[in-house]
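**Student:** Structure in structure tokens, see below.
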Amino acid sequence: MAIPFSRPLALSQGDPAGIGPDITLMAWLRRRELGLPPFFLIGDPDVLALRARQLDLAVSIREIDKASEAAGMFADALPVMTVPAGIEVVAGEPHAATAKGTIAAIEKAVSLVITGEALAVVTNPIAKAVLYEAGFRFPGHTEFLADLAARATGRPVTPVMMLSGPKLRAIPVTIHIPVRDVPQALTEELIVETCRIAHEDLRQRFGIETPRLAVAGLNPHAGEGGAIGKEDEDVIRPAIERLRDEGIDAIGPLPADTMFHDEARARYDVAVCMYHDQALIPAKALGFDDSVNVTLGLPFVRTSPDHGTAFGIAGKGLAREQSLVAALKLAAQLGRSAESRR
């Protein structure tokens with residue numbers, strides 16, 4: 001039996017030329033079969049209607065003015081809170097003119113969750129290069145969401161990106177920076193703060209009473225005791241010692257090449273990695289269609305599919321909605337967990 005939800009999820013449109021519209025439509029069509037929580041899209045209803053025709057999907061689209069209208073109509077129509085795309089959108093052809101609407105949809109979703117009108121934020125994929133053309137000054141979704149949260153609450157926010165799948169949770173300490181900049185960006189304080197946030201959110205939102213953190217080394221073989229780079233001994237190990245002194249169950253630095261097989265994963269709840277691909281390659285390899293991007297450290301719940309805009313298949317009926325479905329379900333689970341603690 002479906003669990004009733006007091007508030008719907010706010011789903012931002014992402015880049016309208018990508019597969020966000022495709023997977024949104026496909027997820028809604030499977031709402032009963034999969035027991036999906038009520039959600040509404042913040043985006044352009046004309047883009048959705050056109051994409052539904054292109055994909056030959058029978059979806060009733062209904063515009064709403066308030067989030068509270070969504071739950072009552074979700075069974076019969078896909079609710080859409082209108083944010084114009086800015087131009088006539090062609091599937092697979094990104095354009096900087098849509099950036100304003102893409103950004104506005106994210107801002108609106110965050111605003112509705114902070115005011116309590118929506119349960120959680122779920123974000124469809126964006127194309128950062130398109131947003132940069134329009135003057136977007138953040139490396140990605142994660143950093144933008146943290147800025148929105150800080151502006152809304154007046155408190156600094158440290159966002160932590162986590163890929164969460166059925167086989168692995170993985171966190172990159174550094175995110176959208178060039179690989180050559182990683183050693184300089186890694187600091188003992190950054191590692192400690194990232195692990196503290198992961199520990200707290202895994203306890204409070206995921207219900208893991210004593211989270212086990214496996215911390216990867218930066219260099220091959222975790223530096224071989226300093227023979228292959230000094231960062232593992234000079235930066236990462238002291239951070240782990242501080243965490244253990246605080247009562248956090250952290251082990252490492254561990255060689256990353258032996259952290260992700262079945263037996264190793266059974267020994268921890270989250271892998272804390274030193275850079276983007278060190279975390280995301282195993283996370284996506286072990287669960288590409290059902291892993292979810294979760295932003296920890298925010299004063300609200302935010303999830304997202306773990307893939308990009310996939311312009312090459314937008315509007316062609318080739319996109320898969322599984323990761324969005326997983327993101328919607330996890331957002332509802334975490335949102336209700338937060339709700340129950342109020």
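How things are named: the first chain in the structure tokens is A, the next is B, and so on; residues count from 1 in each chain; ligands count from 1 in the order shown.
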Enumerate the residues of region 202-334 of chain A with a DSSP assignment of strand (DSSP E or B), computed from the backbone, and present them as a VMD selection string.

**Tutor:** chain A and resid 212 to 216 249 to 254 270 to 273 292 to 296 302 to 305

**Student:** Mind dumping a table of every region 126-181 of chain A residue within 9 Å of region 257-279 of chain A, with the nearest atom pair and its distance in Å to one decimal, using only C-alpha atoms, sorted by chain and rising number, as CSV?

**Tutor:**
```
residue,atom,partner,partner_atom,distance
A:Met162,CA,A:Ala279,CA,8.7
A:Leu163,CA,A:Ala279,CA,8.0
A:Ser164,CA,A:Val270,CA,8.8
A:Lys167,CA,A:Arg265,CA,7.9
A:Leu168,CA,A:Val270,CA,7.0
A:Arg169,CA,A:Val270,CA,4.8
A:Ala170,CA,A:Ala271,CA,4.7
A:Ile171,CA,A:Val272,CA,4.8
A:Pro172,CA,A:Cys273,CA,4.7
A:Val173,CA,A:Met274,CA,5.0
A:Thr174,CA,A:Tyr275,CA,4.9
A:Ile175,CA,A:His276,CA,4.9
A:His176,CA,A:His276,CA,6.8
A:Ile177,CA,A:His276,CA,8.2
A:Val179,CA,A:Tyr275,CA,7.6
```

**Student:** Check region 208-297 of chain A with DSSP on the backbone and list each residue it calls alpha helix (DSSP H), as a list in words.

**Tutor:**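 Answer for region 208-297 of chain A, restricted to alpha helix (DSSP H): Glu231, Arg237, Pro238, Ala239, Ile240, Glu241, Arg242, Leu243, Arg244, Asp245, Asp262, Glu263, Ala264, Arg265, His276, Asp277, Gln278, Ala279, Leu280, Ile281, Pro282, Ala283, Lys284, Ala285, Leu286 and Gly287 of chain A.
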
**Student:** Using only C-alpha atoms, please write the residues we just selected to a file, as a CSV table (one decimal), in the first residue's frame.

**Tutor:**
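And here is the file that came out, part.csv:
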```
chain,number,residue,atom,x,y,z
A,231,GLU,CA,49.8,13.5,0.8
A,237,ARG,CA,46.3,10.1,7.8
A,238,PRO,CA,46.3,13.1,10.3
A,239,ALA,CA,42.7,13.8,9.3
A,240,ILE,CA,41.6,10.3,10.0
A,241,GLU,CA,43.3,10.3,13.4
A,242,ARG,CA,41.4,13.5,14.3
A,243,LEU,CA,38.1,11.9,13.2
A,244,ARG,CA,38.8,8.8,15.3
A,245,ASP,CA,39.6,11.0,18.3
A,262,ASP,CA,32.3,-7.1,-2.7
A,263,GLU,CA,34.2,-8.2,0.4
A,264,ALA,CA,35.8,-4.7,0.9
A,265,ARG,CA,32.4,-2.9,0.5
A,276,HIS,CA,35.7,13.3,-8.4
A,277,ASP,CA,36.4,10.3,-10.6
A,278,GLN,CA,37.9,8.2,-7.8
A,279,ALA,CA,34.4,8.2,-6.3
A,280,LEU,CA,32.1,8.4,-9.3
A,281,ILE,CA,33.7,5.7,-11.5
A,282,PRO,CA,33.1,2.8,-9.0
A,283,ALA,CA,29.7,4.3,-8.0
A,284,LYS,CA,28.5,4.4,-11.6
A,285,ALA,CA,30.1,1.1,-12.5
A,286,LEU,CA,28.2,-0.6,-9.7
A,287,GLY,CA,24.9,1.1,-10.2
```

**Student:** Using only C-alpha atoms, what does the table of region 56-104 of chain A residues within 9 Å of region 33-40 of chain A look like, with each row giving the shortest atom pair and its distance in Å to one decimal, sorted by chain and ascending number, as a tab-separated table?

**Tutor:**
```
residue	atom	partner	partner_atom	distance
A:Ile64	CA	A:Phe40	CA	8.8
A:Ala67	CA	A:Phe40	CA	7.5
A:Ala70	CA	A:Phe40	CA	6.1
A:Ala71	CA	A:Pro38	CA	5.5
A:Gly72	CA	A:Pro38	CA	8.7
A:Met73	CA	A:Pro38	CA	9.0
A:Phe74	CA	A:Pro38	CA	5.9
A:Ala75	CA	A:Pro38	CA	8.1
A:Leu78	CA	A:Phe40	CA	6.7
A:Pro79	CA	A:Phe40	CA	4.9
A:Val80	CA	A:Phe40	CA	5.5
A:Met81	CA	A:Phe40	CA	7.1
```

**Student:** How would the residues just picked look written out with all heavy atoms as a PDB file, in the first residue's frame?

**Tutor:**
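To be explicit, this is the file written out as part_10.pdb:
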```pdb
ATOM      1  N   ILE A  64       0.049  24.384 -12.436  1.00  0.00           N
ATOM      2  CA  ILE A  64      -0.342  24.717 -11.066  1.00  0.00           C
ATOM      3  C   ILE A  64       0.301  26.037 -10.672  1.00  0.00           C
ATOM      4  O   ILE A  64       1.319  26.444 -11.232  1.00  0.00           O
ATOM      5  CB  ILE A  64       0.061  23.619 -10.061  1.00  0.00           C
ATOM      6  CG1 ILE A  64       1.591  23.415 -10.053  1.00  0.00           C
ATOM      7  CG2 ILE A  64      -0.657  22.320 -10.351  1.00  0.00           C
ATOM      8  CD1 ILE A  64       2.084  22.489  -8.955  1.00  0.00           C
ATOM      9  N   ALA A  67       2.359  24.672  -4.818  1.00  0.00           N
ATOM     10  CA  ALA A  67       2.796  23.290  -4.621  1.00  0.00           C
ATOM     11  C   ALA A  67       1.698  22.429  -4.011  1.00  0.00           C
ATOM     12  O   ALA A  67       1.591  21.237  -4.312  1.00  0.00           O
ATOM     13  CB  ALA A  67       4.031  23.268  -3.720  1.00  0.00           C
ATOM     14  N   ALA A  70      -0.440  20.037  -6.137  1.00  0.00           N
ATOM     15  CA  ALA A  70       0.148  18.932  -6.893  1.00  0.00           C
ATOM     16  C   ALA A  70      -0.342  17.560  -6.443  1.00  0.00           C
ATOM     17  O   ALA A  70      -0.683  16.713  -7.276  1.00  0.00           O
ATOM     18  CB  ALA A  70       1.669  18.995  -6.804  1.00  0.00           C
ATOM     19  N   ALA A  71      -0.347  17.330  -5.138  1.00  0.00           N
ATOM     20  CA  ALA A  71      -0.658  15.991  -4.648  1.00  0.00           C
ATOM     21  C   ALA A  71      -2.047  15.528  -5.069  1.00  0.00           C
ATOM     22  O   ALA A  71      -2.235  14.362  -5.433  1.00  0.00           O
ATOM     23  CB  ALA A  71      -0.509  15.939  -3.130  1.00  0.00           C
ATOM     24  N   GLY A  72      -3.006  16.447  -5.061  1.00  0.00           N
ATOM     25  CA  GLY A  72      -4.378  16.075  -5.388  1.00  0.00           C
ATOM     26  C   GLY A  72      -4.590  15.696  -6.836  1.00  0.00           C
ATOM     27  O   GLY A  72      -5.517  14.943  -7.145  1.00  0.00           O
ATOM     28  N   MET A  73      -3.758  16.185  -7.733  1.00  0.00           N
ATOM     29  CA  MET A  73      -3.943  15.881  -9.158  1.00  0.00           C
ATOM     30  C   MET A  73      -2.927  14.887  -9.692  1.00  0.00           C
ATOM     31  O   MET A  73      -3.025  14.454 -10.841  1.00  0.00           O
ATOM     32  CB  MET A  73      -3.882  17.167  -9.980  1.00  0.00           C
ATOM     33  CG  MET A  73      -2.497  17.809 -10.053  1.00  0.00           C
ATOM     34  SD  MET A  73      -2.457  19.256 -11.151  1.00  0.00           S
ATOM     35  CE  MET A  73      -3.514  20.402 -10.260  1.00  0.00           C
ATOM     36  N   PHE A  74      -1.930  14.517  -8.871  1.00  0.00           N
ATOM     37  CA  PHE A  74      -0.809  13.716  -9.361  1.00  0.00           C
ATOM     38  C   PHE A  74      -1.248  12.390  -9.964  1.00  0.00           C
ATOM     39  O   PHE A  74      -0.642  11.900 -10.925  1.00  0.00           O
ATOM     40  CB  PHE A  74       0.186  13.474  -8.223  1.00  0.00           C
ATOM     41  CG  PHE A  74       1.413  12.716  -8.633  1.00  0.00           C
ATOM     42  CD1 PHE A  74       2.412  13.326  -9.369  1.00  0.00           C
ATOM     43  CD2 PHE A  74       1.571  11.376  -8.284  1.00  0.00           C
ATOM     44  CE1 PHE A  74       3.548  12.633  -9.760  1.00  0.00           C
ATOM     45  CE2 PHE A  74       2.703  10.672  -8.660  1.00  0.00           C
ATOM     46  CZ  PHE A  74       3.694  11.304  -9.399  1.00  0.00           C
ATOM     47  N   ALA A  75      -2.290  11.805  -9.418  1.00  0.00           N
ATOM     48  CA  ALA A  75      -2.748  10.502  -9.935  1.00  0.00           C
ATOM     49  C   ALA A  75      -3.248  10.597 -11.362  1.00  0.00           C
ATOM     50  O   ALA A  75      -3.153   9.623 -12.126  1.00  0.00           O
ATOM     51  CB  ALA A  75      -3.852   9.945  -9.030  1.00  0.00           C
ATOM     52  N   LEU A  78       0.280  15.216 -14.705  1.00  0.00           N
ATOM     53  CA  LEU A  78       1.596  15.651 -14.253  1.00  0.00           C
ATOM     54  C   LEU A  78       1.529  17.140 -13.940  1.00  0.00           C
ATOM     55  O   LEU A  78       1.366  17.967 -14.840  1.00  0.00           O
ATOM     56  CB  LEU A  78       2.641  15.374 -15.337  1.00  0.00           C
ATOM     57  CG  LEU A  78       4.056  15.904 -15.093  1.00  0.00           C
ATOM     58  CD1 LEU A  78       4.632  15.373 -13.779  1.00  0.00           C
ATOM     59  CD2 LEU A  78       4.964  15.537 -16.250  1.00  0.00           C
ATOM     60  N   PRO A  79       1.672  17.528 -12.662  1.00  0.00           N
ATOM     61  CA  PRO A  79       1.585  18.947 -12.307  1.00  0.00           C
ATOM     62  C   PRO A  79       2.859  19.687 -12.723  1.00  0.00           C
ATOM     63  O   PRO A  79       3.964  19.187 -12.518  1.00  0.00           O
ATOM     64  CB  PRO A  79       1.433  18.932 -10.780  1.00  0.00           C
ATOM     65  CG  PRO A  79       1.201  17.500 -10.401  1.00  0.00           C
ATOM     66  CD  PRO A  79       1.831  16.676 -11.468  1.00  0.00           C
ATOM     67  N   VAL A  80       2.683  20.886 -13.268  1.00  0.00           N
ATOM     68  CA  VAL A  80       3.824  21.696 -13.704  1.00  0.00           C
ATOM     69  C   VAL A  80       3.660  23.121 -13.187  1.00  0.00           C
ATOM     70  O   VAL A  80       2.639  23.766 -13.453  1.00  0.00           O
ATOM     71  CB  VAL A  80       3.975  21.713 -15.235  1.00  0.00           C
ATOM     72  CG1 VAL A  80       5.173  22.572 -15.642  1.00  0.00           C
ATOM     73  CG2 VAL A  80       4.129  20.303 -15.777  1.00  0.00           C
ATOM     74  N   MET A  81       4.648  23.604 -12.460  1.00  0.00           N
ATOM     75  CA  MET A  81       4.706  25.002 -12.062  1.00  0.00           C
ATOM     76  C   MET A  81       5.549  25.714 -13.122  1.00  0.00           C
ATOM     77  O   MET A  81       6.726  25.407 -13.305  1.00  0.00           O
ATOM     78  CB  MET A  81       5.337  25.136 -10.674  1.00  0.00           C
ATOM     79  CG  MET A  81       5.269  26.533 -10.090  1.00  0.00           C
ATOM     80  SD  MET A  81       5.826  26.576  -8.348  1.00  0.00           S
ATOM     81  CE  MET A  81       4.445  25.780  -7.526  1.00  0.00           C
TER      82      MET A  81
END
```

**Student:** Rounded to one decimal in Å, what is the spacing between CA of Leu324 (chain A) and CA of Thr158 (chain A)?

**Tutor:**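 Interatomic distance here is 24.7 Å.
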
**Student:** Find, counting only C-alpha atoms, the residue in A:Gly14, A:Gly247, A:Gly315, A:Pro8 that gets nearest to Glu200 (chain A).

**Tutor:** A:Gly247

**Student:** What's the 6 Å shell around region 289-304 of chain A, counting only C-alpha atoms, without same-chain residues fewer than 2 positions away, as a PyMOL selection string?

**Tutor:** chain A and resi 120-123+158-165+197+287+306+322-323+326-327+331

**Student:** To one decimal place, how far is CA of Cys195 (chain A) from CA of Pro253 (chain A) in Å?

**Tutor:** 13.0 Å

**Student:** So, counting only C-alpha atoms, which residue among A:Leu57, A:Leu318, A:Leu148, A:Ala104 is closest to Asp44 (chain A)?

**Tutor:**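 Checking each candidate against Asp44 (chain A), we get A:Ala104 as the closest.
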
**Student:** Using only C-alpha atoms, find the one residue out of A:Lys316, A:His307, A:Lys329, A:Arg51 that sits nearest to Pro125 (chain A).

**Tutor:**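 Checking each candidate against Pro125 (chain A), we get A:His307 as the closest.
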
**Student:** Record the distance separating CA of Ile236 (chain A) and CA of Arg203 (chain A), expressed in Å with one decimal.

**Tutor:**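 Between CA of Ile236 (chain A) and CA of Arg203 (chain A) the gap is 23.0 Å.
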
**Student:** Between A:Glu93, A:Asp76, A:Glu143, A:Glu224, which one has atoms that come closest to Trp28 (chain A), using only C-alpha atoms?

**Tutor:**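 Using only C-alpha atoms, Trp28 (chain A) sits closest to A:Asp76.
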
**Student:** With a distance cut-off of 9 Å and only C-alpha atoms, select the neighbouring residues of Ala222 (chain A), excluding the residue or stretch itself and same-chain residues fewer than 5 positions from it, and output the selection as a ChimeraX atom specification.

**Tutor:** /A:216-217,228-229,231-233,252-256

**Student:** Have a look at A:Arg205, A:Arg62, A:Arg336, A:Arg31 and name the one nearest to Leu48 (chain A); count only C-alpha atoms.

**Tutor:**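 Of the candidates, the smallest distance to Leu48 (chain A) is held by A:Arg62.
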
**Student:** Can you list, as a PyMOL selection string, every protein, DNA or RNA residue that comes within 12 Å of Leu55 (chain A) when you count only C-alpha atoms, leaving out same-chain residues fewer than 3 positions away?

**Tutor:** chain A and resi 19+21-23+25-26+48-52+58-59+91+313-319
